[in-house]
Amino acid sequence: MWRQHAHDRSGGVWRAIPRASLLAQAEAADHGEVLVDVIEAIRDLQASHHGHRTSPRLYERYIPDRSSRSSLGFSDGRTARTLPGFPDPGHWVNQNFARGDGWRIQPGREGTLRTLEDNERAVHA
């Protein structure tokens, strides 16, 4: 039934994910075996949606350190200056308009990005 609902909605699978109100309603009901599985599926779908919406914000524009002799190279450098009014380097405005020569995952956020990407892929599985 959910699959048909997802196909019928404009915007596809992401718009068809049950909202928090439906999760609260399911959690308040008697917990039968099937309902426990439904609640788990709703939580997984919501985590997947969160990953889909949040993972792009973990990237940033940066200015590479040209003097570095690192084999990877892309990790050395400094975050590009953010634009006034947008302090988050992952905001789409900074990602598109900040003056940086490179594009990378924000330092220290690699694990978070991998988790969000795994959650996002879970909905397709």
# chains A, B, ... in the order shown; residues from 1 in each chain; ligands from 1
>>> residues_around(residues="Arg19 of chain A", least_positions_apart="2", cutoff="12 Å", atoms="only C-alpha atoms", output="number ranges by chain")
A: 14-17, 21-26, 39, 42-47, 49-50
>>> write_last_selection(atoms="N, CA, C and O atoms", output="compact mmCIF listing (two decimals), in the first residue's frame")
# COMPACT_ATOMS: atom_id res chain seq x y z
N TRP A 14 10.05 10.63 -1.44
CA TRP A 14 10.35 11.49 -0.30
C TRP A 14 9.10 12.18 0.25
O TRP A 14 8.98 12.43 1.44
N ARG A 15 8.15 12.51 -0.62
CA ARG A 15 6.92 13.15 -0.15
C ARG A 15 5.96 12.15 0.47
O ARG A 15 5.02 12.54 1.15
N ALA A 16 6.14 10.88 0.22
CA ALA A 16 5.22 9.86 0.73
C ALA A 16 5.65 9.30 2.08
O ALA A 16 4.95 8.46 2.64
N ILE A 17 6.76 9.75 2.62
CA ILE A 17 7.23 9.23 3.90
C ILE A 17 6.28 9.68 5.00
O ILE A 17 5.95 10.86 5.09
N SER A 21 3.40 12.72 13.04
CA SER A 21 2.07 12.52 13.64
C SER A 21 1.60 11.08 13.44
O SER A 21 1.00 10.48 14.34
N LEU A 22 1.88 10.51 12.27
CA LEU A 22 1.50 9.12 12.03
C LEU A 22 2.33 8.17 12.90
O LEU A 22 1.80 7.18 13.42
N LEU A 23 3.60 8.49 13.09
CA LEU A 23 4.44 7.68 13.97
C LEU A 23 3.91 7.72 15.40
O LEU A 23 3.81 6.68 16.06
N ALA A 24 3.54 8.89 15.87
CA ALA A 24 2.99 9.02 17.23
C ALA A 24 1.69 8.24 17.37
O ALA A 24 1.46 7.59 18.39
N GLN A 25 0.87 8.27 16.34
CA GLN A 25 -0.39 7.54 16.36
C GLN A 25 -0.12 6.03 16.40
O GLN A 25 -0.77 5.30 17.15
N ALA A 26 0.83 5.56 15.64
CA ALA A 26 1.16 4.13 15.62
C ALA A 26 1.76 3.70 16.96
O ALA A 26 1.46 2.61 17.45
N ILE A 39 6.10 0.44 12.79
CA ILE A 39 6.75 1.53 13.51
C ILE A 39 8.24 1.57 13.17
O ILE A 39 8.80 2.65 12.92
N ILE A 42 8.63 3.02 9.68
CA ILE A 42 8.41 4.47 9.65
C ILE A 42 9.66 5.19 10.17
O ILE A 42 10.10 6.17 9.57
N ARG A 43 10.25 4.69 11.25
CA ARG A 43 11.47 5.33 11.78
C ARG A 43 12.61 5.27 10.76
O ARG A 43 13.35 6.23 10.59
N ASP A 44 12.75 4.12 10.08
CA ASP A 44 13.80 3.98 9.07
C ASP A 44 13.57 4.95 7.91
O ASP A 44 14.51 5.56 7.40
N LEU A 45 12.32 5.08 7.48
CA LEU A 45 12.01 5.99 6.38
C LEU A 45 12.28 7.44 6.77
O LEU A 45 12.81 8.21 5.98
N GLN A 46 11.94 7.80 8.01
CA GLN A 46 12.20 9.16 8.45
C GLN A 46 13.69 9.43 8.56
O GLN A 46 14.16 10.51 8.22
N ALA A 47 14.47 8.43 9.02
CA ALA A 47 15.93 8.59 9.07
C ALA A 47 16.49 8.74 7.66
O ALA A 47 17.41 9.52 7.42
N HIS A 49 14.91 10.02 5.06
CA HIS A 49 14.56 11.36 4.60
C HIS A 49 15.47 12.41 5.21
O HIS A 49 15.93 13.34 4.53
N HIS A 50 15.76 12.26 6.50
CA HIS A 50 16.68 13.17 7.17
C HIS A 50 18.06 13.12 6.52
O HIS A 50 18.69 14.16 6.29
>>> select_by_dssp(residues="segment 3-111 of chain A", states="strand (DSSP E)", output="ChimeraX atom specification")
/A:59-64,77-79,102-105
>>> residues_around(residues="Gly51 of chain A", least_positions_apart="2", cutoff="9 Å", atoms="only C-alpha atoms", output="MDAnalysis selection string")
chainID A and resid 46:49 53:56 113 115:121
>>> residues_around(residues="Tyr62 of chain A", least_positions_apart="2", cutoff="8 Å", atoms="only C-alpha atoms", output="PDB file with N, CA and C atoms, in the first residue's frame")
ATOM      1  N   GLU A  60      31.565  21.758   1.972  1.00  0.00           N
ATOM      2  CA  GLU A  60      31.908  23.175   2.047  1.00  0.00           C
ATOM      3  C   GLU A  60      32.859  23.549   0.922  1.00  0.00           C
ATOM      4  N   PRO A  64      42.403  25.481  -1.021  1.00  0.00           N
ATOM      5  CA  PRO A  64      43.454  24.484  -0.825  1.00  0.00           C
ATOM      6  C   PRO A  64      44.799  25.115  -0.464  1.00  0.00           C
ATOM      7  N   GLY A  77      44.058  22.765   3.682  1.00  0.00           N
ATOM      8  CA  GLY A  77      43.559  24.070   3.283  1.00  0.00           C
ATOM      9  C   GLY A  77      42.655  24.615   4.365  1.00  0.00           C
ATOM     10  N   ARG A  78      42.002  25.731   4.042  1.00  0.00           N
ATOM     11  CA  ARG A  78      41.127  26.346   5.037  1.00  0.00           C
ATOM     12  C   ARG A  78      39.754  26.583   4.424  1.00  0.00           C
ATOM     13  N   THR A  79      38.782  26.600   5.305  1.00  0.00           N
ATOM     14  CA  THR A  79      37.407  26.825   4.878  1.00  0.00           C
ATOM     15  C   THR A  79      37.290  28.211   4.267  1.00  0.00           C
ATOM     16  N   ALA A  80      36.587  28.304   3.157  1.00  0.00           N
ATOM     17  CA  ALA A  80      36.362  29.601   2.515  1.00  0.00           C
ATOM     18  C   ALA A  80      35.527  30.484   3.432  1.00  0.00           C
ATOM     19  N   ARG A  99      33.893  32.228  -1.993  1.00  0.00           N
ATOM     20  CA  ARG A  99      35.087  32.220  -2.843  1.00  0.00           C
ATOM     21  C   ARG A  99      36.050  31.138  -2.374  1.00  0.00           C
ATOM     22  N   GLY A 100      35.936  29.996  -2.959  1.00  0.00           N
ATOM     23  CA  GLY A 100      36.827  28.887  -2.659  1.00  0.00           C
ATOM     24  C   GLY A 100      37.159  28.159  -3.945  1.00  0.00           C
ATOM     25  N   ASP A 101      38.323  27.551  -3.991  1.00  0.00           N
ATOM     26  CA  ASP A 101      38.755  26.860  -5.203  1.00  0.00           C
ATOM     27  C   ASP A 101      38.460  25.370  -5.168  1.00  0.00           C
ATOM     28  N   GLY A 102      38.029  24.879  -4.013  1.00  0.00           N
ATOM     29  CA  GLY A 102      37.800  23.453  -3.892  1.00  0.00           C
ATOM     30  C   GLY A 102      36.487  23.145  -3.201  1.00  0.00           C
ATOM     31  N   TRP A 103      36.179  21.872  -3.149  1.00  0.00           N
ATOM     32  CA  TRP A 103      34.942  21.368  -2.587  1.00  0.00           C
ATOM     33  C   TRP A 103      35.304  20.148  -1.760  1.00  0.00           C
ATOM     34  N   ARG A 104      34.885  20.094  -0.501  1.00  0.00           N
ATOM     35  CA  ARG A 104      35.236  18.965   0.350  1.00  0.00           C
ATOM     36  C   ARG A 104      34.184  18.755   1.430  1.00  0.00           C
TER      37      ARG A 104
END
>>> select_by_dssp(residues="segment 15-96 of chain A", states="helix (DSSP H, G or I)", output="number ranges by chain")
A: 20-28, 33-58, 92-96
>>> atom_distance(atom1="atom CA of Asp37 of chain A", atom2="atom CA of Pro18 of chain A")
14.1 Å
>>> closest_residue(among="A:Ala41, A:Val123, A:Ile63, A:Val34", to="Thr82 of chain A", atoms="only C-alpha atoms")
A:Ile63
>>> residues_around(residues="segment 93-96 of chain A", least_positions_apart="4", cutoff="8 Å", atoms="only C-alpha atoms", output="list in words")
Tyr59, Glu60, Arg61, Thr82, Leu83, Phe86, Asp88 and Pro89 of chain A
>>> write_last_selection(atoms="N, CA and C atoms", output="PDB file, in the first residue's frame")
ATOM      1  N   TYR A  59      29.073  19.435   3.189  1.00  0.00           N
ATOM      2  CA  TYR A  59      30.139  19.840   2.269  1.00  0.00           C
ATOM      3  C   TYR A  59      30.397  21.324   2.411  1.00  0.00           C
ATOM      4  N   GLU A  60      31.565  21.758   1.972  1.00  0.00           N
ATOM      5  CA  GLU A  60      31.908  23.175   2.047  1.00  0.00           C
ATOM      6  C   GLU A  60      32.859  23.549   0.922  1.00  0.00           C
ATOM      7  N   ARG A  61      32.923  24.842   0.652  1.00  0.00           N
ATOM      8  CA  ARG A  61      33.937  25.383  -0.252  1.00  0.00           C
ATOM      9  C   ARG A  61      35.167  25.636   0.600  1.00  0.00           C
ATOM     10  N   THR A  82      32.697  32.566   4.855  1.00  0.00           N
ATOM     11  CA  THR A  82      31.266  32.501   4.603  1.00  0.00           C
ATOM     12  C   THR A  82      30.728  33.885   4.273  1.00  0.00           C
ATOM     13  N   LEU A  83      29.595  33.907   3.616  1.00  0.00           N
ATOM     14  CA  LEU A  83      28.978  35.163   3.230  1.00  0.00           C
ATOM     15  C   LEU A  83      28.224  35.767   4.414  1.00  0.00           C
ATOM     16  N   PHE A  86      25.178  34.219   6.652  1.00  0.00           N
ATOM     17  CA  PHE A  86      25.134  32.771   6.475  1.00  0.00           C
ATOM     18  C   PHE A  86      26.370  32.151   7.124  1.00  0.00           C
ATOM     19  N   ASP A  88      26.901  29.262   8.474  1.00  0.00           N
ATOM     20  CA  ASP A  88      27.109  27.825   8.249  1.00  0.00           C
ATOM     21  C   ASP A  88      27.818  27.604   6.919  1.00  0.00           C
ATOM     22  N   PRO A  89      29.038  27.015   6.926  1.00  0.00           N
ATOM     23  CA  PRO A  89      29.731  26.793   5.651  1.00  0.00           C
ATOM     24  C   PRO A  89      29.003  25.801   4.748  1.00  0.00           C
TER      25      PRO A  89
END
>>> atom_distance(atom1="atom CA of Pro87 of chain A", atom2="atom CA of Arg109 of chain A")
16.8 Å
